[in-house]
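Below is one structure; the comments refer to it alone.
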Amino acid sequence: MERETAKRKLAELREQINEHNYAYHVLDSPRISDEEFDGLMRELIRLETLYPELVTADSPSRKIGGKPVNSFRQVVHSAPMLSLDNVFTEGELKDFFRRVKKAAGEGPLSWVGEPKIDGLAVSLIYENGVFTRGATRGDGYTGEDITHNLLTIKSLPLRLKKDVSLEVRGEVFISKKDFQELNRKRESRGLPLFANPRNAAAGSIRQLDPRIAAERPLNILVYSLVFLSGEQPPGDHWETLQFLKSLGFKVGSHTVLLSGFEEAMDYYREMELKRNDLFYEIDGIVLKINDFKLQERLGTTSRAPRWAIAFKFSAEEKITKVERIEVNVGRTGVITPVAVLEPVHLAGTLVKRASLHNEDFIREKGVMVGDKVVVHKAGDVIPEIVRVVEEERAATVKPFIMPKTCPSCRAEVHRLPGEAAVRCLNPTCPAQVIERIIHFASRGGMDISGLGESLSRQLYEAGLVKDVGDLYGLTEEELAALERMGKKSAQNLLRSLEKSKKNPLHKLLYGLGIRLVGEKAARLLAAHFKSLYRLQNATLEELTALEEIGPGIAASVTEFFAQKTAAKVIEKLESAGVNFFEETGLDSGENLLQGKIFVLTGTLNRYSRHEAKALIESKGGKVAGSISKKTDFLLLGENPGSKLQKAIDLKIAVISEAEFEEMIRQN
Ligand code: IVH
């Protein structure tokens with residue numbers, strides 16, 4: 001085909017495909033079959049491959065996962081991305097309306113009511129009608145450039161229906177149906193499940209690799225226009241929404257014009273009823289003053305506009321029955337009573353259990369086995385018992401008695417002074433060991449995909465893993481012999497284990513499950529001590545001297561490292577080649593010392609021998625015991641031995657500790 005013909009054909013294809021994308025993903029009314037659509041796409045890609053110089057910024061081929069980025073670029077927002085103030089009750093809403101009325105003065109007010117979508121705010125920039133950049137909200141002033149991931153969103157128009165330049169803001173989310181499908185797929189692949197659509201969307205939009213985002217069914221709705229050039233901007237919010245729609249954006253359904261408080265309340269009640277029928281999750285409604293001039297006059301606080309409010313739904317409640325109370329043994333030996341409930345649908349999921357936390361909680365709530373109870377989801381996610389329906393208490397209910405022995409290992413349990421929890425203090429208690437494996441492999445920890453709850457249990461029960469150090473000694477044969485485990489999954493698991501060895505120290509620290517050391521403390525400790533060896537040797541004073549590390553965490557850290565069992569685990573991890581340093585991965589030159597042979601002599605000041613060796617190895621180098629022609633560097637400490645002379649004779653580079661540090665920093 002001639003270049004000119006190709007150019008014309010490409011323009012035609014682009015327009016057709018963008019139109020069909022819009023019809024399918026924005027209007028929800030496809031005009032051609034999936035096969036026909038795929039045909040158009042294939043033809044587009046074929047021509048673009050033949051004539052790469054003809055690829056344009058609005059080409060739908062941009063939507064097929066681009067290349068990963070190394071890090072997120074910071075983006076300064078043209079105007080701060082504000083949040084919204086919340087109200088939870090009719091009374092609070094009334095107060096808000098009163099305040100606005102007072103500030104606005106005489107005359108009727110016009111409001112726009114919108115569903116409050118439970119997703120993530122993003123900003124989108126279009127230049128001359130073409131999508132050029134998208135960013136997260138970040139701290140409101142600076143966000144992160146996530147253009148590469150936004151490009152994978154099918155409902156995001158790449159080219160607008162007019163060649164205007166503008167910035168819009170909206171919400172990225174995952175629909176309820178897509179979310180279920182996504183989790184179903186993850187479950188079948190042994191991946192951890194997302195707690196809710198919002199978390200799934202959040203985890204997807206902040207991926208460096210757009211191929212991951214492309215696999216997640218992200219969706220987008222827009223709700224505000226920040227600037228517009230090339231034409232007269234609409235005069236109020238309602239017109240703006242219509243205008244955005246006419247440009248090809250998807251805007252929220254169920255958006256209405258309201259005249260005042262009473263209508264706002266009606267809208268709220270209506271949306272609360274419709275909530276479950278919407279295809280996306282909403283957690284309330286948003287009410288906005290329609291008139292832009294009035295919006296401007298009311299102004300904003302540093303956090304939120306004074307002309308808008310989010311009226312949140314109260315958590316959905318249901319009544320169900322406590323069938324029995326079980327006890328769970330956690331990673332740190334804490335024994336937690338859990339109510340096993342008659343299954344009940346609540347805010348989108350089937351709830352079967354709710355934690356009762358501890359004996360005190362049970363006493364306070366007065367929960368007995370057989371009771372009818374009111375349940376809700378705390379933070380819309382975690383099922384919780386609100387209260388007992390005492391009016392309906394049967395004569396057959398039974399009080400719960402905390403067991404005196406651990407349900408897993410039968411060791412006596414203890415309630416430590418000042419704690420609400422009862423603990424099993426046996427460190428080799430099977431339930432605790434299994435929980436520790438699960439925690440080690442969890443996302444915040446070593447992030448070993450494929451190693452979830454049931455496999456952790458299987459590995460322990462088969463006697464293959466007695467502590468997390470054993471994980472790295474697993475073989476394909478051992479794994480493949482396990483029930484429900486094929487050769488393929490065994491290989492996948494070994495691959496994830498291998499990959500996890502390169503994790504930075506904070507992930508390992510968190511994964512080790514040191515009491516009170518959560519992700520934040522793990523990051524702080526890793527950033528300060530930089531190596532596990534140093535942390536291992538840190539004193540209580542050194543630890544408490546750190547800002548944000550309290551005496552509790554400090555004591556827990558030193559206690560942890562003083563245990564023989566911990567030392568054993570660490571030894572196993574070390575010999576498996578697990579990274580013990582914070583600076584690692586691509587950024588610190590994983591292969592910086594690839595193949596280089598080091599010999600150490602004298603006393604090092606900055607590192608112990610052990611540390612220096614591990615550091616060299618973590619960057620791909622080797623440490624030999626004596627100088628030979630193959631040696632690349634002699635690392636010189638104080639009071640060197642005869643190795644120095646030998647190195648000089650063989651003309652081998654001799655470097656100081658400072659030079660060594662310089663060397664490993666070069667990247
Ligand atoms: S307007 C200055 N409208 O809720 C106005 N926000 O809690 C800022 N949200 O950051 C936003 N649905 O991510 C607006 N219809 C809607 C919304 C909405 C969801 C989110 C948005 C915002 C957060 C504030």
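Residue names in the structure tokens use chain letters A, B, ... in the order shown, residue numbers from 1 in each chain, and ligand numbers from 1 in the order shown.
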TODO: Extract the full set of strand (DSSP E) residues from stretch 14-226 of chain A according to DSSP on the backbone, and format it as a count of residues only.
DONE: 49
Open item on the list: Distance limit 9 Å, reference ligand 1, atoms considered: only C-alpha atoms and all ligand atoms. Which residues make the cut? Give them as a PyMOL selection string.
Closed with: chain A and resi 80-86+113-122+137+140+169-172+221-224+252+255+282-288+300+303-305+307-310
Keeping C-alpha atoms, export the residues of the selection given above as a compact mmCIF listing (two decimals), in the first residue's frame.
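Final file, result_9.txt:
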# COMPACT_ATOMS: atom_id res chain seq x y z
CA PRO A 80 -4.81 21.93 44.33
CA MET A 81 -6.85 18.73 44.19
CA LEU A 82 -9.08 19.28 47.18
CA SER A 83 -10.92 16.78 49.25
CA LEU A 84 -14.52 17.05 50.49
CA ASP A 85 -15.85 17.67 53.97
CA ASN A 86 -18.13 14.92 55.23
CA GLY A 113 -26.42 15.99 43.57
CA GLU A 114 -24.03 13.25 42.46
CA PRO A 115 -23.20 9.79 43.67
CA LYS A 116 -19.96 9.65 45.64
CA ILE A 117 -17.96 7.02 43.84
CA ASP A 118 -15.62 4.97 45.96
CA GLY A 119 -12.46 5.12 43.90
CA LEU A 120 -9.40 7.32 43.43
CA ALA A 121 -9.26 10.90 42.26
CA VAL A 122 -7.23 11.60 39.13
CA ARG A 137 -4.11 13.25 43.64
CA GLY A 140 -3.34 17.41 46.75
CA ARG A 169 -10.82 15.54 37.25
CA GLY A 170 -12.62 12.36 38.01
CA GLU A 171 -12.59 9.05 39.72
CA VAL A 172 -10.90 5.81 38.70
CA LEU A 221 -15.92 8.84 35.46
CA VAL A 222 -15.25 12.57 35.42
CA TYR A 223 -16.90 15.21 37.59
CA SER A 224 -15.12 18.50 37.19
CA GLY A 252 -21.84 9.76 36.64
CA THR A 255 -26.85 13.15 38.69
CA ILE A 282 -20.73 4.44 46.21
CA ASP A 283 -20.30 5.47 49.81
CA GLY A 284 -22.59 8.49 49.83
CA ILE A 285 -23.71 11.44 47.77
CA VAL A 286 -21.94 14.69 46.94
CA LEU A 287 -23.86 17.97 46.95
CA LYS A 288 -22.34 20.89 45.05
CA THR A 300 -12.32 26.87 49.89
CA ARG A 303 -8.62 21.08 52.58
CA ALA A 304 -12.00 21.30 50.93
CA PRO A 305 -14.38 23.63 49.10
CA TRP A 307 -19.55 24.99 48.42
CA ALA A 308 -19.69 21.19 48.45
CA ILE A 309 -20.24 18.41 50.94
CA ALA A 310 -20.13 14.62 50.97
Open item on the list: Residues within 10 Å of A:Ser496, please, as number ranges by chain. Count only C-alpha atoms; anything in the same chain fewer than 4 positions from it doesn't count.
Closed with: A: 441, 446-451, 491-492, 500-501
Selection export as a tab-separated table (two decimals), in the first residue's frame, atoms kept: N, CA and C atoms:
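To be explicit, this is the file written out as out35.tsv:
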chain	number	residue	atom	x	y	z
A	441	ALA	N	5.07	-14.39	53.68
A	441	ALA	CA	4.84	-14.39	52.24
A	441	ALA	C	3.89	-13.28	51.80
A	446	MET	N	7.50	-10.52	52.20
A	446	MET	CA	8.37	-10.90	51.09
A	446	MET	C	7.61	-11.04	49.77
A	447	ASP	N	6.29	-10.90	49.82
A	447	ASP	CA	5.47	-10.85	48.61
A	447	ASP	C	5.72	-12.06	47.71
A	448	ILE	N	5.52	-13.24	48.28
A	448	ILE	CA	5.78	-14.47	47.52
A	448	ILE	C	4.46	-14.92	46.93
A	449	SER	N	4.26	-14.64	45.63
A	449	SER	CA	2.95	-14.94	45.08
A	449	SER	C	2.80	-16.45	44.95
A	450	GLY	N	1.61	-16.92	45.20
A	450	GLY	CA	1.35	-18.36	45.16
A	450	GLY	C	1.44	-18.99	46.54
A	451	LEU	N	2.02	-18.30	47.50
A	451	LEU	CA	2.14	-18.87	48.84
A	451	LEU	C	1.12	-18.20	49.76
A	491	GLN	N	7.00	-24.87	40.04
A	491	GLN	CA	8.03	-24.02	39.41
A	491	GLN	C	7.73	-22.54	39.64
A	492	ASN	N	6.44	-22.20	39.54
A	492	ASN	CA	6.07	-20.80	39.77
A	492	ASN	C	6.43	-20.35	41.17
A	500	SER	N	11.93	-13.20	45.58
A	500	SER	CA	11.79	-12.53	46.87
A	500	SER	C	13.13	-12.35	47.58
A	501	LYS	N	14.12	-13.15	47.19
A	501	LYS	CA	15.44	-13.03	47.83
A	501	LYS	C	16.03	-11.64	47.63
Open item on the list: DSSP on the backbone, alpha helix (DSSP H) only: what residues of stretch 438-623 of chain A does that give? Format it as a PyMOL selection string.
Closed with: chain A and resi 438-441+453-461+476-480+487-500+505-511+519-529+532-537+540-544+551-562+564-576+609-618
- [ ] Pick out the residues sitting within 8 Å of A:Ala554, and hand them over as a ChimeraX atom specification; count only C-alpha atoms, and ignore anything fewer than 3 positions along from it in its own chain.
- [x] /A:540,543-544,549-551,557-558
Using only C-alpha atoms, please write the residues we just selected to a file, as a tab-separated table (two decimals), in the first residue's frame.
chain	number	residue	atom	x	y	z
A	540	LEU	CA	17.95	-0.64	73.20
A	543	LEU	CA	16.80	1.92	68.90
A	544	THR	CA	14.93	4.27	71.19
A	549	ILE	CA	10.61	4.14	67.53
A	550	GLY	CA	9.16	3.87	71.02
A	551	PRO	CA	10.38	1.72	73.89
A	557	VAL	CA	13.23	-5.88	68.37
A	558	THR	CA	16.00	-6.72	70.82
TODO: Choose the residue, out of A:Leu54, A:Met402, A:Leu615, A:Ile434, that has the smallest atom-to-atom separation from A:Val422; count only C-alpha atoms.
DONE: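 The closest residue to A:Val422 is A:Met402.
Here atom CA of A:Glu541 is placed at a distance of 14.0 Å from atom CA of A:His528.
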Open item on the list: Here is a test: counting only C-alpha atoms, which residue of A:Phe249, A:Tyr267, A:Phe88, A:Tyr472 is nearest to A:Glu574?
Closed with: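 Checking each candidate against A:Glu574, we get A:Tyr472 as the closest.
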TODO: Tell me which protein, DNA and RNA residues are within 10 Å of A:Val69, counting only C-alpha atoms, leaving out same-chain ones fewer than 2 positions away, and put them as a list in words.
DONE: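 Near A:Val69, the qualifying residues are Gly66, Lys67, Ser71, Phe72, Arg73, Ile146, His148, Gln207, Leu208, Asp209 and Pro210 of chain A.
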Write the residues of the selection above to a file with N, CA and C atoms, as a PDB file, in the first residue's frame.
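Once written, selection.pdb looks like this:
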ATOM      1  N   GLY A  66       1.713  -0.165  27.245  1.00  0.00           N
ATOM      2  CA  GLY A  66       3.024   0.301  26.819  1.00  0.00           C
ATOM      3  C   GLY A  66       4.125  -0.301  27.668  1.00  0.00           C
ATOM      4  N   LYS A  67       5.289   0.363  27.654  1.00  0.00           N
ATOM      5  CA  LYS A  67       6.437  -0.146  28.411  1.00  0.00           C
ATOM      6  C   LYS A  67       6.367   0.280  29.874  1.00  0.00           C
ATOM      7  N   SER A  71      10.161   4.779  37.475  1.00  0.00           N
ATOM      8  CA  SER A  71       9.625   5.373  38.693  1.00  0.00           C
ATOM      9  C   SER A  71       8.555   6.359  38.265  1.00  0.00           C
ATOM     10  N   PHE A  72       7.777   6.833  39.228  1.00  0.00           N
ATOM     11  CA  PHE A  72       6.716   7.766  38.885  1.00  0.00           C
ATOM     12  C   PHE A  72       7.277   9.183  38.836  1.00  0.00           C
ATOM     13  N   ARG A  73       6.908   9.897  37.788  1.00  0.00           N
ATOM     14  CA  ARG A  73       7.311  11.292  37.738  1.00  0.00           C
ATOM     15  C   ARG A  73       6.362  12.107  38.607  1.00  0.00           C
ATOM     16  N   ILE A 146       0.651   9.024  36.083  1.00  0.00           N
ATOM     17  CA  ILE A 146       0.229   7.638  35.846  1.00  0.00           C
ATOM     18  C   ILE A 146      -0.363   7.488  34.448  1.00  0.00           C
ATOM     19  N   HIS A 148       0.733   6.193  31.807  1.00  0.00           N
ATOM     20  CA  HIS A 148       0.900   4.854  31.221  1.00  0.00           C
ATOM     21  C   HIS A 148      -0.204   3.900  31.660  1.00  0.00           C
ATOM     22  N   GLN A 207       0.913   1.122  39.527  1.00  0.00           N
ATOM     23  CA  GLN A 207       1.840   0.091  39.070  1.00  0.00           C
ATOM     24  C   GLN A 207       2.819   0.734  38.112  1.00  0.00           C
ATOM     25  N   LEU A 208       4.056   0.286  38.158  1.00  0.00           N
ATOM     26  CA  LEU A 208       5.024   0.819  37.207  1.00  0.00           C
ATOM     27  C   LEU A 208       4.821   0.198  35.833  1.00  0.00           C
ATOM     28  N   ASP A 209       4.349  -1.023  35.840  1.00  0.00           N
ATOM     29  CA  ASP A 209       4.198  -1.742  34.584  1.00  0.00           C
ATOM     30  C   ASP A 209       2.743  -1.669  34.107  1.00  0.00           C
ATOM     31  N   PRO A 210       2.484  -0.971  33.003  1.00  0.00           N
ATOM     32  CA  PRO A 210       1.111  -0.810  32.542  1.00  0.00           C
ATOM     33  C   PRO A 210       0.460  -2.126  32.130  1.00  0.00           C
TER      34      PRO A 210
END
Long-range neighbours of A:Glu326 as a PDB file with N, CA, C and O atoms, in the first residue's frame, 10 Å cut-off, only C-alpha atoms, 3 positions minimum in chain:
ATOM      1  N   GLU A 323     -23.652 -18.648  65.502  1.00  0.00           N
ATOM      2  CA  GLU A 323     -23.844 -20.099  65.581  1.00  0.00           C
ATOM      3  C   GLU A 323     -22.907 -20.729  66.595  1.00  0.00           C
ATOM      4  O   GLU A 323     -23.271 -21.624  67.327  1.00  0.00           O
ATOM      5  N   ILE A 335      -4.648 -15.324  71.126  1.00  0.00           N
ATOM      6  CA  ILE A 335      -5.803 -16.185  70.875  1.00  0.00           C
ATOM      7  C   ILE A 335      -7.038 -15.310  70.730  1.00  0.00           C
ATOM      8  O   ILE A 335      -7.411 -14.593  71.650  1.00  0.00           O
ATOM      9  N   THR A 336      -7.616 -15.317  69.531  1.00  0.00           N
ATOM     10  CA  THR A 336      -8.732 -14.421  69.246  1.00  0.00           C
ATOM     11  C   THR A 336     -10.025 -15.197  69.079  1.00  0.00           C
ATOM     12  O   THR A 336     -10.104 -16.088  68.236  1.00  0.00           O
ATOM     13  N   PRO A 337     -11.033 -14.846  69.853  1.00  0.00           N
ATOM     14  CA  PRO A 337     -12.338 -15.476  69.634  1.00  0.00           C
ATOM     15  C   PRO A 337     -13.007 -14.901  68.382  1.00  0.00           C
ATOM     16  O   PRO A 337     -12.929 -13.693  68.144  1.00  0.00           O
ATOM     17  N   VAL A 338     -13.609 -15.773  67.596  1.00  0.00           N
ATOM     18  CA  VAL A 338     -14.272 -15.343  66.358  1.00  0.00           C
ATOM     19  C   VAL A 338     -15.690 -15.891  66.341  1.00  0.00           C
ATOM     20  O   VAL A 338     -15.904 -17.078  66.597  1.00  0.00           O
ATOM     21  N   ALA A 339     -16.653 -15.019  66.054  1.00  0.00           N
ATOM     22  CA  ALA A 339     -18.041 -15.478  65.969  1.00  0.00           C
ATOM     23  C   ALA A 339     -18.272 -16.093  64.599  1.00  0.00           C
ATOM     24  O   ALA A 339     -17.990 -15.462  63.581  1.00  0.00           O
ATOM     25  N   VAL A 340     -18.756 -17.325  64.586  1.00  0.00           N
ATOM     26  CA  VAL A 340     -19.157 -17.940  63.324  1.00  0.00           C
ATOM     27  C   VAL A 340     -20.638 -17.633  63.158  1.00  0.00           C
ATOM     28  O   VAL A 340     -21.457 -18.006  64.001  1.00  0.00           O
ATOM     29  N   ARG A 353     -18.178 -14.659  59.275  1.00  0.00           N
ATOM     30  CA  ARG A 353     -17.461 -14.591  60.539  1.00  0.00           C
ATOM     31  C   ARG A 353     -17.228 -13.142  60.948  1.00  0.00           C
ATOM     32  O   ARG A 353     -17.169 -12.259  60.112  1.00  0.00           O
ATOM     33  N   SER A 355     -14.738 -11.016  63.970  1.00  0.00           N
ATOM     34  CA  SER A 355     -13.826 -11.133  65.103  1.00  0.00           C
ATOM     35  C   SER A 355     -14.490 -10.578  66.360  1.00  0.00           C
ATOM     36  O   SER A 355     -15.208  -9.586  66.313  1.00  0.00           O
ATOM     37  N   LEU A 356     -14.256 -11.252  67.478  1.00  0.00           N
ATOM     38  CA  LEU A 356     -14.762 -10.739  68.756  1.00  0.00           C
ATOM     39  C   LEU A 356     -13.610 -10.163  69.580  1.00  0.00           C
ATOM     40  O   LEU A 356     -13.778  -9.834  70.751  1.00  0.00           O
ATOM     41  N   PHE A 400     -19.761 -17.792  76.467  1.00  0.00           N
ATOM     42  CA  PHE A 400     -18.505 -18.282  75.905  1.00  0.00           C
ATOM     43  C   PHE A 400     -17.430 -18.276  76.987  1.00  0.00           C
ATOM     44  O   PHE A 400     -17.307 -17.314  77.747  1.00  0.00           O
ATOM     45  N   MET A 402     -13.390 -18.613  77.586  1.00  0.00           N
ATOM     46  CA  MET A 402     -12.087 -18.633  76.919  1.00  0.00           C
ATOM     47  C   MET A 402     -11.339 -19.908  77.320  1.00  0.00           C
ATOM     48  O   MET A 402     -11.243 -20.226  78.517  1.00  0.00           O
ATOM     49  N   PRO A 407      -5.721 -23.947  71.458  1.00  0.00           N
ATOM     50  CA  PRO A 407      -6.452 -24.925  70.647  1.00  0.00           C
ATOM     51  C   PRO A 407      -5.556 -25.632  69.637  1.00  0.00           C
ATOM     52  O   PRO A 407      -5.916 -26.681  69.125  1.00  0.00           O
TER      53      PRO A 407
END
TODO: Calculate how many Å separate atom CA of A:Val373 from atom CA of A:Arg387, rounding to one decimal.
DONE: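 Pair atom CA of A:Val373 / atom CA of A:Arg387 returns 5.7 Å.
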Open item on the list: Give me, as a ChimeraX atom specification, all polymer residues having an atom no more than 8 Å from stretch 233-244 of chain A, counting only C-alpha atoms and skipping those fewer than 2 positions away in the same chain.
Closed with: /A:112,222-225,228-229,231,246-251,257,289-292
Restricted to N, CA and C atoms, what would the selected residues look like written as an mmCIF file, in the first residue's frame?
data_model
loop_
_atom_site.group_PDB
_atom_site.id
_atom_site.type_symbol
_atom_site.label_atom_id
_atom_site.label_comp_id
_atom_site.auth_asym_id
_atom_site.auth_seq_id
_atom_site.Cartn_x
_atom_site.Cartn_y
_atom_site.Cartn_z
ATOM 1 N N VAL A 112 -26.297 20.633 42.771
ATOM 2 C CA VAL A 112 -26.212 19.412 41.958
ATOM 3 C C VAL A 112 -25.892 18.263 42.899
ATOM 4 N N VAL A 222 -15.788 11.250 35.075
ATOM 5 C CA VAL A 222 -15.248 12.571 35.417
ATOM 6 C C VAL A 222 -16.336 13.427 36.053
ATOM 7 N N TYR A 223 -15.916 14.353 36.924
ATOM 8 C CA TYR A 223 -16.897 15.206 37.589
ATOM 9 C C TYR A 223 -16.512 16.672 37.699
ATOM 10 N N SER A 224 -15.341 17.053 37.185
ATOM 11 C CA SER A 224 -15.122 18.496 37.189
ATOM 12 C C SER A 224 -14.147 18.946 36.106
ATOM 13 N N LEU A 225 -14.307 20.205 35.714
ATOM 14 C CA LEU A 225 -13.487 20.807 34.670
ATOM 15 C C LEU A 225 -12.661 21.891 35.339
ATOM 16 N N LEU A 228 -10.262 25.276 30.632
ATOM 17 C CA LEU A 228 -10.649 24.965 29.256
ATOM 18 C C LEU A 228 -10.121 26.077 28.381
ATOM 19 N N SER A 229 -9.475 25.724 27.268
ATOM 20 C CA SER A 229 -9.148 26.796 26.335
ATOM 21 C C SER A 229 -9.562 26.359 24.946
ATOM 22 N N GLU A 231 -12.506 27.482 23.761
ATOM 23 C CA GLU A 231 -13.937 27.779 23.669
ATOM 24 C C GLU A 231 -14.439 28.315 24.999
ATOM 25 N N SER A 246 -20.603 15.616 26.295
ATOM 26 C CA SER A 246 -20.609 15.853 24.846
ATOM 27 C C SER A 246 -19.201 15.729 24.257
ATOM 28 N N LEU A 247 -18.182 15.860 25.106
ATOM 29 C CA LEU A 247 -16.812 15.709 24.594
ATOM 30 C C LEU A 247 -16.400 14.243 24.488
ATOM 31 N N GLY A 248 -17.224 13.347 25.074
ATOM 32 C CA GLY A 248 -16.908 11.919 24.997
ATOM 33 C C GLY A 248 -16.524 11.303 26.323
ATOM 34 N N PHE A 249 -16.563 12.079 27.400
ATOM 35 C CA PHE A 249 -16.250 11.523 28.715
ATOM 36 C C PHE A 249 -17.457 10.780 29.267
ATOM 37 N N LYS A 250 -17.158 9.830 30.136
ATOM 38 C CA LYS A 250 -18.224 9.174 30.879
ATOM 39 C C LYS A 250 -18.428 10.004 32.146
ATOM 40 N N VAL A 251 -19.667 10.434 32.405
ATOM 41 C CA VAL A 251 -19.940 11.151 33.653
ATOM 42 C C VAL A 251 -20.913 10.305 34.466
ATOM 43 N N LEU A 257 -30.400 17.910 39.573
ATOM 44 C CA LEU A 257 -30.447 19.295 40.051
ATOM 45 C C LEU A 257 -31.378 19.332 41.256
ATOM 46 N N ILE A 289 -22.794 23.264 45.026
ATOM 47 C CA ILE A 289 -23.460 24.475 44.551
ATOM 48 C C ILE A 289 -23.289 24.523 43.042
ATOM 49 N N ASN A 290 -24.383 24.797 42.327
ATOM 50 C CA ASN A 290 -24.328 24.746 40.878
ATOM 51 C C ASN A 290 -23.618 25.958 40.259
ATOM 52 N N ASP A 291 -23.883 27.131 40.798
ATOM 53 C CA ASP A 291 -23.398 28.365 40.184
ATOM 54 C C ASP A 291 -21.903 28.605 40.452
ATOM 55 N N PHE A 292 -21.115 28.761 39.392
ATOM 56 C CA PHE A 292 -19.665 28.919 39.565
ATOM 57 C C PHE A 292 -19.289 30.207 40.291
#
Task: Best match for closeness to A:Val386 among A:Val100, A:Cys429, A:Ile319, A:Leu44, counting only C-alpha atoms - done: A:Ile319
Task: Proximity to A:Asp360 - best of A:Glu659, A:Glu316, A:Glu167, A:Glu419, only C-alpha atoms - done: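 Nearest to A:Asp360: A:Glu419.
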TODO: May I ask for the distance between atom CA of A:Gly333 and atom CA of A:Ser456, given in Å to one decimal place?
DONE: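 If I compute the distance from atom CA of A:Gly333 to atom CA of A:Ser456, I get 16.9 Å.
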